[in-house]
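For reference, target34.cif (mmCIF, C-alpha atoms):
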data_coords
loop_
_atom_site.group_PDB
_atom_site.id
_atom_site.type_symbol
_atom_site.label_atom_id
_atom_site.label_comp_id
_atom_site.auth_asym_id
_atom_site.auth_seq_id
_atom_site.Cartn_x
_atom_site.Cartn_y
_atom_site.Cartn_z
ATOM 1 C CA MET Q 134 42.889 -74.337 57.585
ATOM 2 C CA LEU Q 135 40.002 -73.272 59.785
ATOM 3 C CA SER Q 136 37.543 -75.930 60.895
ATOM 4 C CA GLY Q 137 33.811 -76.037 60.562
ATOM 5 C CA GLY Q 138 33.641 -75.225 64.255
ATOM 6 C CA VAL Q 139 34.943 -71.753 63.457
ATOM 7 C CA ASP Q 140 32.137 -71.129 60.955
ATOM 8 C CA LEU Q 141 29.536 -72.209 63.500
ATOM 9 C CA PHE Q 142 31.184 -70.055 66.198
ATOM 10 C CA LEU Q 143 31.114 -66.962 63.973
ATOM 11 C CA GLU Q 144 27.510 -67.672 62.993
ATOM 12 C CA MET Q 145 26.586 -67.861 66.667
ATOM 13 C CA LEU Q 146 28.265 -64.514 67.364
ATOM 14 C CA ALA Q 147 26.392 -62.892 64.507
ATOM 15 C CA ALA Q 148 23.005 -64.415 65.353
ATOM 16 C CA GLU Q 149 22.974 -64.429 69.164
ATOM 17 C CA ARG Q 150 25.211 -61.470 69.994
ATOM 18 C CA ALA Q 151 24.627 -59.322 66.905
ATOM 19 C CA ALA Q 152 28.391 -59.027 66.420
ATOM 20 C CA ALA Q 153 29.386 -56.375 63.876
ATOM 21 C CA PRO Q 154 31.205 -57.382 60.680
ATOM 22 C CA ASN Q 155 34.449 -55.831 61.945
ATOM 23 C CA THR Q 156 34.180 -57.846 65.167
ATOM 24 C CA LEU Q 157 33.609 -61.065 63.243
ATOM 25 C CA ALA Q 158 36.601 -60.297 61.006
ATOM 26 C CA ALA Q 159 38.799 -59.671 64.063
ATOM 27 C CA TYR Q 160 37.706 -62.944 65.676
ATOM 28 C CA GLU Q 161 38.374 -64.848 62.459
ATOM 29 C CA ALA Q 162 41.839 -63.282 62.235
ATOM 30 C CA ASP Q 163 42.561 -64.268 65.845
ATOM 31 C CA LEU Q 164 41.491 -67.852 65.227
ATOM 32 C CA THR Q 165 43.543 -67.990 62.023
ATOM 33 C CA SER Q 166 46.619 -66.785 63.905
ATOM 34 C CA CYS Q 167 46.091 -69.436 66.555
ATOM 35 C CA ALA Q 168 45.462 -72.182 63.962
ATOM 36 C CA GLU Q 169 48.675 -71.317 62.103
ATOM 37 C CA SER Q 170 50.673 -71.521 65.318
ATOM 38 C CA LEU Q 171 49.095 -74.848 66.254
ATOM 39 C CA ALA Q 172 49.739 -76.270 62.774
ATOM 40 C CA ARG Q 173 53.477 -75.839 63.290
ATOM 41 C CA GLU Q 174 53.131 -78.232 66.232
ATOM 42 C CA GLY Q 175 50.976 -80.710 64.363
ATOM 43 C CA GLN Q 176 47.750 -79.588 66.035
ATOM 44 C CA THR Q 177 44.495 -78.015 64.896
ATOM 45 C CA LEU Q 178 42.004 -75.785 66.683
ATOM 46 C CA GLN Q 179 39.873 -78.840 67.429
ATOM 47 C CA THR Q 180 42.779 -80.940 68.713
ATOM 48 C CA ALA Q 181 44.690 -78.155 70.458
ATOM 49 C CA THR Q 182 46.322 -78.746 73.822
ATOM 50 C CA THR Q 183 46.777 -76.177 76.569
ATOM 51 C CA GLU Q 184 50.515 -76.242 75.887
ATOM 52 C CA GLY Q 185 49.917 -75.510 72.209
ATOM 53 C CA LEU Q 186 47.767 -72.503 73.080
ATOM 54 C CA GLN Q 187 50.347 -71.300 75.589
ATOM 55 C CA ASN Q 188 53.049 -71.450 72.921
ATOM 56 C CA TRP Q 189 50.867 -69.355 70.620
ATOM 57 C CA MET Q 190 50.392 -66.736 73.317
ATOM 58 C CA ALA Q 191 54.113 -66.701 74.110
ATOM 59 C CA ALA Q 192 54.823 -66.098 70.428
ATOM 60 C CA LEU Q 193 52.385 -63.173 70.405
ATOM 61 C CA VAL Q 194 54.074 -61.568 73.395
ATOM 62 C CA GLY Q 195 57.524 -62.283 71.951
ATOM 63 C CA SER Q 196 56.604 -60.592 68.677
ATOM 64 C CA GLY Q 197 56.055 -57.336 70.535
ATOM 65 C CA GLN Q 198 52.277 -57.203 70.327
ATOM 66 C CA ALA Q 199 50.615 -54.950 72.884
ATOM 67 C CA ARG Q 200 49.401 -56.711 76.002
ATOM 68 C CA ARG Q 201 45.879 -55.446 75.378
ATOM 69 C CA THR Q 202 45.957 -57.029 71.924
ATOM 70 C CA VAL Q 203 47.137 -60.339 73.356
ATOM 71 C CA ALA Q 204 44.435 -60.171 76.023
ATOM 72 C CA ARG Q 205 41.780 -59.533 73.358
ATOM 73 C CA ARG Q 206 42.986 -62.518 71.323
ATOM 74 C CA LEU Q 207 42.925 -64.698 74.417
ATOM 75 C CA SER Q 208 39.334 -63.630 75.067
ATOM 76 C CA CYS Q 209 38.399 -64.806 71.568
ATOM 77 C CA ILE Q 210 40.060 -68.186 72.102
ATOM 78 C CA ARG Q 211 38.369 -68.674 75.464
ATOM 79 C CA GLN Q 212 34.965 -67.955 73.966
ATOM 80 C CA PHE Q 213 35.682 -70.304 71.047
ATOM 81 C CA TYR Q 214 36.531 -73.278 73.253
ATOM 82 C CA LEU Q 215 33.576 -72.650 75.546
ATOM 83 C CA PHE Q 216 31.421 -72.786 72.423
ATOM 84 C CA LEU Q 217 33.011 -76.068 71.293
ATOM 85 C CA LEU Q 218 32.468 -77.501 74.780
ATOM 86 C CA ARG Q 219 28.791 -76.510 74.863
ATOM 87 C CA GLU Q 220 28.199 -77.855 71.371
ATOM 88 C CA GLY Q 221 29.804 -81.204 72.220
ATOM 89 C CA MET Q 222 32.654 -80.708 69.733
ATOM 90 C CA ARG Q 223 35.177 -81.114 72.560
ATOM 91 C CA VAL Q 224 34.994 -82.845 75.904
ATOM 92 C CA ASP Q 225 37.493 -80.504 77.542
ATOM 93 C CA ASN Q 226 38.482 -76.834 77.444
ATOM 94 C CA PRO Q 227 42.215 -76.338 76.726
ATOM 95 C CA ALA Q 228 41.879 -72.560 77.213
ATOM 96 C CA ALA Q 229 40.382 -72.806 80.703
ATOM 97 C CA HIS Q 230 43.653 -72.231 82.547
ATOM 98 C CA LEU Q 231 45.380 -69.788 80.223
ATOM 99 C CA ASP Q 232 46.507 -66.646 82.018
ATOM 100 C CA SER Q 233 45.810 -63.275 80.509
ATOM 101 C CA PRO Q 234 48.895 -61.043 80.292
ATOM 102 C CA LYS Q 235 48.695 -58.296 82.887
ATOM 103 C CA PRO Q 236 48.820 -54.778 81.449
ATOM 104 C CA ARG Q 237 51.902 -52.830 82.464
ATOM 105 C CA THR Q 238 51.210 -50.157 85.044
ATOM 106 C CA PRO Q 239 52.525 -46.919 83.569
ATOM 107 C CA LEU Q 240 54.997 -45.037 85.696
ATOM 108 C CA PRO Q 241 53.571 -41.821 87.132
ATOM 109 C CA ARG Q 242 54.442 -38.624 85.280
ATOM 110 C CA PHE Q 243 56.065 -35.999 87.469
ATOM 111 C CA LEU Q 244 57.983 -32.735 87.289
ATOM 112 C CA SER Q 245 61.533 -32.131 88.415
ATOM 113 C CA GLU Q 246 62.073 -30.099 91.563
ATOM 114 C CA SER Q 247 63.389 -27.189 89.512
ATOM 115 C CA GLU Q 248 60.264 -27.268 87.321
ATOM 116 C CA VAL Q 249 58.016 -27.086 90.381
ATOM 117 C CA LEU Q 250 59.966 -24.053 91.618
ATOM 118 C CA ALA Q 251 59.607 -22.464 88.186
ATOM 119 C CA LEU Q 252 55.840 -22.982 88.377
ATOM 120 C CA LEU Q 253 55.602 -21.370 91.800
ATOM 121 C CA ASN Q 254 57.689 -18.401 90.670
ATOM 122 C CA ALA Q 255 55.521 -18.002 87.567
ATOM 123 C CA CYS Q 256 52.400 -17.376 89.657
ATOM 124 C CA ALA Q 257 53.337 -13.803 90.538
ATOM 125 C CA GLU Q 258 51.712 -11.089 88.434
ATOM 126 C CA PRO Q 259 53.715 -7.992 87.358
ATOM 127 C CA ALA Q 260 53.569 -4.897 89.568
ATOM 128 C CA GLY Q 261 51.183 -3.024 87.288
ATOM 129 C CA ALA Q 262 48.646 -5.822 86.979
ATOM 130 C CA SER Q 263 44.982 -5.275 87.813
ATOM 131 C CA LEU Q 264 43.585 -6.356 91.157
ATOM 132 C CA ALA Q 265 41.769 -9.231 89.449
ATOM 133 C CA LYS Q 266 44.991 -10.519 87.890
ATOM 134 C CA LYS Q 267 46.906 -10.096 91.140
ATOM 135 C CA ARG Q 268 44.245 -12.144 92.926
ATOM 136 C CA ARG Q 269 44.519 -14.840 90.261
ATOM 137 C CA GLY Q 270 48.272 -15.013 90.851
ATOM 138 C CA ILE Q 271 47.789 -15.261 94.615
ATOM 139 C CA LEU Q 272 45.173 -17.958 94.135
ATOM 140 C CA ALA Q 273 47.443 -19.904 91.771
ATOM 141 C CA LYS Q 274 50.322 -19.723 94.258
ATOM 142 C CA ALA Q 275 48.134 -20.939 97.129
ATOM 143 C CA ALA Q 276 46.723 -23.818 95.082
ATOM 144 C CA LEU Q 277 50.090 -24.998 93.740
ATOM 145 C CA GLU Q 278 51.748 -24.711 97.155
ATOM 146 C CA LEU Q 279 49.010 -26.836 98.725
ATOM 147 C CA LEU Q 280 48.951 -29.413 95.913
ATOM 148 C CA TYR Q 281 52.717 -29.862 95.927
ATOM 149 C CA ALA Q 282 53.334 -29.539 99.672
ATOM 150 C CA SER Q 283 50.502 -31.840 100.763
ATOM 151 C CA GLY Q 284 49.874 -34.165 97.809
ATOM 152 C CA LEU Q 285 46.170 -33.331 97.687
ATOM 153 C CA ARG Q 286 43.841 -34.517 94.954
ATOM 154 C CA ILE Q 287 42.283 -31.635 93.026
ATOM 155 C CA SER Q 288 38.838 -32.564 94.376
ATOM 156 C CA GLU Q 289 40.221 -32.389 97.923
ATOM 157 C CA LEU Q 290 41.884 -29.045 97.272
ATOM 158 C CA LEU Q 291 38.827 -27.339 95.818
ATOM 159 C CA ALA Q 292 36.615 -28.662 98.635
ATOM 160 C CA LEU Q 293 38.854 -27.229 101.381
ATOM 161 C CA PRO Q 294 36.888 -24.974 103.730
ATOM 162 C CA ARG Q 295 38.307 -21.622 104.808
ATOM 163 C CA LYS Q 296 38.419 -22.770 108.396
ATOM 164 C CA ALA Q 297 40.952 -25.462 107.449
ATOM 165 C CA ILE Q 298 43.614 -22.729 107.194
ATOM 166 C CA ALA Q 299 42.452 -20.649 110.156
ATOM 167 C CA GLY Q 300 44.992 -19.819 112.843
ATOM 168 C CA ASP Q 301 48.511 -21.182 113.021
ATOM 169 C CA GLN Q 302 47.667 -24.808 112.241
ATOM 170 C CA ARG Q 303 50.416 -27.191 111.177
ATOM 171 C CA MET Q 304 48.032 -29.882 109.943
ATOM 172 C CA ILE Q 305 44.849 -29.786 107.915
ATOM 173 C CA MET Q 306 41.998 -32.263 107.882
ATOM 174 C CA VAL Q 307 41.196 -33.597 104.412
ATOM 175 C CA ARG Q 308 38.197 -35.663 103.390
ATOM 176 C CA GLY Q 309 39.280 -38.029 100.615
ATOM 177 C CA LYS Q 310 37.793 -40.862 98.584
ATOM 178 C CA GLY Q 311 35.040 -42.821 100.262
ATOM 179 C CA GLY Q 312 34.672 -40.076 102.870
ATOM 180 C CA ARG Q 313 37.903 -41.159 104.563
ATOM 181 C CA GLU Q 314 39.511 -38.391 106.581
ATOM 182 C CA ARG Q 315 43.222 -37.876 107.054
ATOM 183 C CA LEU Q 316 45.564 -35.276 108.478
ATOM 184 C CA VAL Q 317 48.207 -33.842 106.179
ATOM 185 C CA PRO Q 318 50.992 -31.452 107.176
ATOM 186 C CA LEU Q 319 50.889 -27.827 106.084
ATOM 187 C CA SER Q 320 54.250 -26.301 105.181
ATOM 188 C CA ASP Q 321 55.083 -22.739 106.192
ATOM 189 C CA SER Q 322 55.124 -21.541 102.596
ATOM 190 C CA ALA Q 323 51.796 -23.229 101.807
ATOM 191 C CA ARG Q 324 50.181 -21.722 104.908
ATOM 192 C CA GLU Q 325 51.514 -18.248 104.028
ATOM 193 C CA ALA Q 326 50.228 -18.547 100.458
ATOM 194 C CA ALA Q 327 46.797 -19.670 101.690
ATOM 195 C CA GLN Q 328 46.668 -16.850 104.253
ATOM 196 C CA ALA Q 329 47.476 -14.344 101.484
ATOM 197 C CA LEU Q 330 44.494 -15.662 99.520
ATOM 198 C CA LEU Q 331 42.240 -15.363 102.574
ATOM 199 C CA GLU Q 332 43.267 -11.734 102.988
ATOM 200 C CA VAL Q 333 42.493 -10.921 99.351
ATOM 201 C CA ASP Q 334 39.123 -12.698 99.612
ATOM 202 C CA ALA Q 335 38.226 -11.280 103.019
ATOM 203 C CA HIS Q 336 35.244 -9.461 101.519
ATOM 204 C CA LEU Q 337 33.770 -12.650 100.085
ATOM 205 C CA GLU Q 338 31.201 -14.573 102.084
ATOM 206 C CA SER Q 339 32.255 -18.052 101.055
ATOM 207 C CA PRO Q 340 32.798 -21.223 103.062
ATOM 208 C CA PHE Q 341 35.497 -22.315 100.599
ATOM 209 C CA LEU Q 342 39.181 -21.454 100.474
ATOM 210 C CA PHE Q 343 38.942 -21.509 96.663
ATOM 211 C CA PRO Q 344 35.529 -19.989 95.890
ATOM 212 C CA GLY Q 345 33.969 -20.074 92.456
ATOM 213 C CA ARG Q 346 32.241 -17.266 90.602
ATOM 214 C CA ASP Q 347 29.337 -17.987 92.904
ATOM 215 C CA PRO Q 348 31.049 -17.688 96.319
ATOM 216 C CA ALA Q 349 28.588 -20.203 97.742
ATOM 217 C CA LYS Q 350 30.209 -22.858 95.554
ATOM 218 C CA PRO Q 351 33.832 -23.996 95.174
ATOM 219 C CA MET Q 352 35.904 -23.214 92.103
ATOM 220 C CA THR Q 353 35.318 -25.665 89.274
ATOM 221 C CA ARG Q 354 37.993 -28.003 87.981
ATOM 222 C CA GLN Q 355 37.759 -26.335 84.564
ATOM 223 C CA ALA Q 356 38.437 -22.880 86.029
ATOM 224 C CA PHE Q 357 41.472 -24.192 87.876
ATOM 225 C CA ASP Q 358 42.777 -25.924 84.736
ATOM 226 C CA ARG Q 359 42.737 -22.577 82.914
ATOM 227 C CA ILE Q 360 44.825 -20.981 85.653
ATOM 228 C CA LEU Q 361 47.247 -23.909 85.622
ATOM 229 C CA HIS Q 362 47.583 -23.636 81.830
ATOM 230 C CA THR Q 363 48.560 -19.959 82.087
ATOM 231 C CA VAL Q 364 51.146 -20.597 84.811
ATOM 232 C CA ALA Q 365 52.661 -23.493 82.841
ATOM 233 C CA ILE Q 366 53.207 -21.319 79.778
ATOM 234 C CA ARG Q 367 54.864 -18.620 81.895
ATOM 235 C CA ALA Q 368 57.152 -21.226 83.451
ATOM 236 C CA GLU Q 369 57.996 -22.528 79.945
ATOM 237 C CA ILE Q 370 56.585 -25.945 80.762
ATOM 238 C CA ASP Q 371 54.462 -27.748 78.180
ATOM 239 C CA PRO Q 372 50.875 -27.526 79.552
ATOM 240 C CA ALA Q 373 50.275 -31.052 78.222
ATOM 241 C CA ARG Q 374 52.761 -32.310 80.848
ATOM 242 C CA LEU Q 375 50.980 -30.578 83.693
ATOM 243 C CA SER Q 376 47.860 -31.425 85.664
ATOM 244 C CA PRO Q 377 46.876 -31.417 89.335
ATOM 245 C CA HIS Q 378 47.600 -35.141 89.447
ATOM 246 C CA VAL Q 379 51.094 -34.586 88.030
ATOM 247 C CA LEU Q 380 51.746 -32.269 90.984
ATOM 248 C CA ARG Q 381 50.469 -35.000 93.330
ATOM 249 C CA HIS Q 382 52.830 -37.466 91.645
ATOM 250 C CA SER Q 383 55.658 -34.935 91.963
ATOM 251 C CA PHE Q 384 54.956 -34.571 95.693
ATOM 252 C CA ALA Q 385 55.172 -38.341 96.194
ATOM 253 C CA THR Q 386 58.164 -38.860 93.930
ATOM 254 C CA HIS Q 387 60.228 -36.091 95.511
ATOM 255 C CA LEU Q 388 59.410 -37.264 99.039
ATOM 256 C CA LEU Q 389 60.618 -40.787 98.254
ATOM 257 C CA ALA Q 390 63.686 -39.439 96.494
ATOM 258 C CA HIS Q 391 64.611 -37.646 99.720
ATOM 259 C CA GLY Q 392 64.172 -40.766 101.849
ATOM 260 C CA ALA Q 393 60.513 -40.793 102.911
ATOM 261 C CA ASP Q 394 58.985 -44.067 104.078
ATOM 262 C CA LEU Q 395 56.481 -45.774 101.769
ATOM 263 C CA ARG Q 396 53.983 -46.350 104.603
ATOM 264 C CA ALA Q 397 54.132 -42.687 105.589
ATOM 265 C CA LEU Q 398 53.567 -41.740 101.969
ATOM 266 C CA GLN Q 399 50.524 -44.030 101.846
ATOM 267 C CA MET Q 400 49.001 -42.136 104.776
ATOM 268 C CA LEU Q 401 49.788 -38.737 103.270
ATOM 269 C CA LEU Q 402 48.247 -39.642 99.918
ATOM 270 C CA GLY Q 403 45.195 -41.279 101.468
ATOM 271 C CA HIS Q 404 45.635 -44.606 99.675
ATOM 272 C CA ALA Q 405 43.520 -47.374 101.182
ATOM 273 C CA ASP Q 406 45.946 -50.029 99.890
ATOM 274 C CA ILE Q 407 49.720 -49.689 99.910
ATOM 275 C CA ALA Q 408 49.781 -51.492 96.560
ATOM 276 C CA THR Q 409 48.525 -48.237 95.048
ATOM 277 C CA THR Q 410 51.421 -46.348 96.624
ATOM 278 C CA GLN Q 411 53.963 -48.819 95.276
ATOM 279 C CA ILE Q 412 53.833 -47.253 91.803
ATOM 280 C CA TYR Q 413 56.325 -44.775 93.234
ATOM 281 C CA THR Q 414 58.914 -47.392 94.146
ATOM 282 C CA HIS Q 415 60.642 -46.745 90.796
ATOM 283 C CA VAL Q 416 62.230 -43.804 92.612
ATOM 284 C CA GLN Q 417 63.583 -46.055 95.331
ATOM 285 C CA THR Q 418 64.859 -48.462 92.669
ATOM 286 C CA GLU Q 419 66.790 -45.684 90.949
ATOM 287 C CA ARG Q 420 68.222 -44.541 94.281
ATOM 288 C CA LEU Q 421 69.340 -48.077 95.163
ATOM 289 C CA GLN Q 422 70.979 -48.489 91.762
ATOM 290 C CA LYS Q 423 72.924 -45.270 92.284
ATOM 291 C CA ALA Q 424 73.922 -46.396 95.773
ATOM 292 C CA VAL Q 425 75.270 -49.688 94.410
ATOM 293 C CA GLN Q 426 77.169 -47.915 91.639
ATOM 294 C CA ALA Q 427 78.640 -45.440 94.095
ATOM 295 C CA HIS Q 428 79.567 -47.746 96.975
ATOM 296 C CA HIS Q 429 79.799 -51.389 95.876
ATOM 297 C CA PRO Q 430 83.457 -52.448 95.452
ATOM 298 C CA LEU Q 431 82.851 -54.435 92.252
ATOM 299 C CA ALA Q 432 80.873 -51.565 90.744
ATOM 300 C CA ALA Q 433 83.753 -49.249 91.578
ATOM 301 C CA ASP Q 434 86.273 -51.622 89.960
ATOM 302 C CA SER Q 435 84.101 -51.798 86.869
ATOM 303 C CA ALA Q 436 83.996 -48.016 86.628
ATOM 304 C CA HIS Q 437 87.807 -47.767 86.849
ATOM 305 C CA THR Q 438 88.341 -50.247 84.031
ATOM 306 C CA LYS Q 439 86.186 -48.302 81.595
#

Re-express the file's structure as structure tokens.
Amino acid sequence: MLSGGVDLFLEMLAAERAAAPNTLAAYEADLTSCAESLAREGQTLQTATTEGLQNWMAALVGSGQARRTVARRLSCIRQFYLFLLREGMRVDNPAAHLDSPKPRTPLPRFLSESEVLALLNACAEPAGASLAKKRRGILAKAALELLYASGLRISELLALPRKAIAGDQRMIMVRGKGGRERLVPLSDSAREAAQALLEVDAHLESPFLFPGRDPAKPMTRQAFDRILHTVAIRAEIDPARLSPHVLRHSFATHLLAHGADLRALQMLLGHADIATTQIYTHVQTERLQKAVQAHHPLAADSAHTK
């Protein structure tokens, strides 16, 4: 069913691009799939129309194939028709205007409000714990309070200088991606937790709120991950579900759930483009759906008839 053009195309990939045998087999399978689809419409790879190729792609998507798989197959077809065009086997390129399926943006993972409270409560060490363990609990509480209350990135948190928490400040200056600075609010509980850490570390000569083993340097991400893992187990939360970024997502999700404005959230998170912030609109969608179900007269009638 495959044309001689396919053989020449595969030979070119092997000779000019040193394509591996597995790659060549995958390309041949993609071209076979396309040829079979075209044959049902009375076309071949060498006579294919843009519409015929679009129908093949629609069938791939409709069969439940992953978008990445469809995109890979489209890449093969595009390369094939560019090859035919260069070799004079076609005078046009029917794949030139095919659109690649956009990968779905996964919804952010986040914790429930009760799970966040459980994490914060799990930071405290028992009364008889050593000073080192008590400090670790105080440090964990300060870090989690700041991550959840301010939506900081872990890199921003660990880079915070001591002076950022000095005095009775209600806002802290954060330097984010690209060196962009922003002000984020500091909740009372987060400020108290950070002040408790400063008191415990008063003897340390470190410029950082979260110093590492070498006080001249900040705590490493790996060291913080170990602390987070311990707190998660105590709170009976699967550590695989928890990361600093999950706490950042939880901050954003809970703010929107309680009526925060998307633009304000963009500023708090330090997103350069509001399109990045819009991944959290699933929360607003759920809230609107509940509002319709609760207050729309037809929705109410529907509920009564069930």

Written as a PyMOL selection string, which residues does the PyMOL selection byres ((chain Q and resi 376) around 10) give for the file shown?
chain Q and resi 242-243+287+357-358+361-362+365+372-375+377-382

Running the PyMOL selection byres ((chain Q and resi 403) around 10) on this model by hand, what would come out? Give it as a PyMOL selection string.
chain Q and resi 284-286+307-310+313-317+397-402+404-407+410

6 Å per side around range 348-351 of chain Q: axis-aligned box centre and edge lengths, as lines of an AutoDock Vina configuration file:
center_x = 31.2
center_y = -20.8
center_z = 96.5
size_x = 17.2
size_y = 18.3
size_z = 14.6

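Selection result for the displayed file, with the PyMOL selection byres ((chain Q and resi 213) around 10) as criterion, is Gly138, Val139, Leu141, Phe142, Leu143, Tyr160, Leu164, Leu178, Leu207, Ser208, Cys209, Ile210, Arg211, Gln212, Tyr214, Leu215, Phe216, Leu217, Leu218, Asn226 and Ala228 of chain Q.
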
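The smallest atom-to-atom distance between Ala172 in chain Q and any of Q:Leu193, Q:Leu244, Q:Leu135, Q:Leu146, using only C-alpha atoms, is found for Q:Leu135.
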
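Across the structure, CA of Arg206 in chain Q and CA of Gln187 in chain Q are spaced 12.2 Å apart.
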
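Our summary of the geometry notes that CA of Arg223 in chain Q is positioned 14.2 Å from CA of Gln176 in chain Q.
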
Selected residue, from Q:Leu431, Q:Met352, Q:Ala297, Q:Met190, that lies nearest to Asp163 in chain Q when counting only C-alpha atoms
Q:Met190

Just how far from CA of Arg354 in chain Q is CA of Pro340 in chain Q, in Å to one decimal?
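Between these atoms lies a distance of 17.3 Å.
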
Shortest interatomic distance to Pro259 in chain Q - which of Q:Leu319, Q:Ile271, Q:Ala192, Q:Glu184, counting all atoms listed in the file:
Q:Ile271

If we count all atoms listed in the file, what is near Leu253 in chain Q at a cut-off of 9 Å, once residues fewer than 2 positions away on the same chain are taken out, given as a PyMOL selection string?
chain Q and resi 248-251+255-257+273-274+277-278+364+368

Give the answer as one residue: which of Q:Arg367, Q:Lys266, Q:Arg324, Q:Lys296 has the shortest atom-to-atom distance to Ser339 in chain Q, using only C-alpha atoms?
Q:Lys296

Between Q:Gln179, Q:Ser196, Q:Ser288, Q:Ser263, which has the minimum distance to Thr353 in chain Q (counting only C-alpha atoms)?
Q:Ser288

Have a look at Q:Ala262, Q:Ala390, Q:Ala385, Q:Ala191 and name the one nearest to Leu280 in chain Q; count all atoms listed in the file.
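The shortest atom-to-atom distance to Leu280 in chain Q comes from Q:Ala385.
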
Residues near Ser170 in chain Q, anyone? I mean within 9 Å using all atoms listed in the file, not counting same-chain ones fewer than 4 positions away, as a PyMOL selection string.
chain Q and resi 165-166+174+176-177+185-186+188-189+192

Would you fill out range 170-186 of chain Q with N, CA and C atoms and return it as a CSV table (one decimal), in the coordinates of the input?
chain,number,residue,atom,x,y,z
Q,170,SER,N,49.7,-71.2,64.3
Q,170,SER,CA,50.7,-71.5,65.3
Q,170,SER,C,50.5,-73.0,65.7
Q,171,LEU,N,49.3,-73.5,65.9
Q,171,LEU,CA,49.1,-74.8,66.3
Q,171,LEU,C,49.5,-75.8,65.2
Q,172,ALA,N,49.4,-75.4,63.9
Q,172,ALA,CA,49.7,-76.3,62.8
Q,172,ALA,C,51.2,-76.6,62.8
Q,173,ARG,N,52.0,-75.6,63.2
Q,173,ARG,CA,53.5,-75.8,63.3
Q,173,ARG,C,53.8,-76.9,64.3
Q,174,GLU,N,52.9,-77.2,65.2
Q,174,GLU,CA,53.1,-78.2,66.2
Q,174,GLU,C,52.3,-79.5,65.9
Q,175,GLY,N,51.8,-79.5,64.7
Q,175,GLY,CA,51.0,-80.7,64.4
Q,175,GLY,C,49.6,-80.8,65.0
Q,176,GLN,N,49.1,-79.6,65.4
Q,176,GLN,CA,47.8,-79.6,66.0
Q,176,GLN,C,46.8,-78.7,65.2
Q,177,THR,N,45.5,-78.9,65.5
Q,177,THR,CA,44.5,-78.0,64.9
Q,177,THR,C,43.7,-77.3,66.0
Q,178,LEU,N,42.8,-76.4,65.7
Q,178,LEU,CA,42.0,-75.8,66.7
Q,178,LEU,C,41.2,-76.8,67.5
Q,179,GLN,N,40.7,-77.9,66.8
Q,179,GLN,CA,39.9,-78.8,67.4
Q,179,GLN,C,40.7,-79.9,68.2
Q,180,THR,N,42.0,-80.0,68.0
Q,180,THR,CA,42.8,-80.9,68.7
Q,180,THR,C,43.8,-80.2,69.6
Q,181,ALA,N,43.7,-78.9,69.7
Q,181,ALA,CA,44.7,-78.2,70.5
Q,181,ALA,C,44.8,-78.6,71.9
Q,182,THR,N,46.1,-78.5,72.4
Q,182,THR,CA,46.3,-78.7,73.8
Q,182,THR,C,46.6,-77.4,74.5
Q,183,THR,N,46.5,-77.4,75.8
Q,183,THR,CA,46.8,-76.2,76.6
Q,183,THR,C,48.2,-75.7,76.3
Q,184,GLU,N,49.1,-76.6,76.2
Q,184,GLU,CA,50.5,-76.2,75.9
Q,184,GLU,C,50.6,-75.6,74.5
Q,185,GLY,N,49.9,-76.1,73.5
Q,185,GLY,CA,49.9,-75.5,72.2
Q,185,GLY,C,49.4,-74.1,72.2
Q,186,LEU,N,48.3,-73.8,73.0
Q,186,LEU,CA,47.8,-72.5,73.1
Q,186,LEU,C,48.7,-71.6,73.8
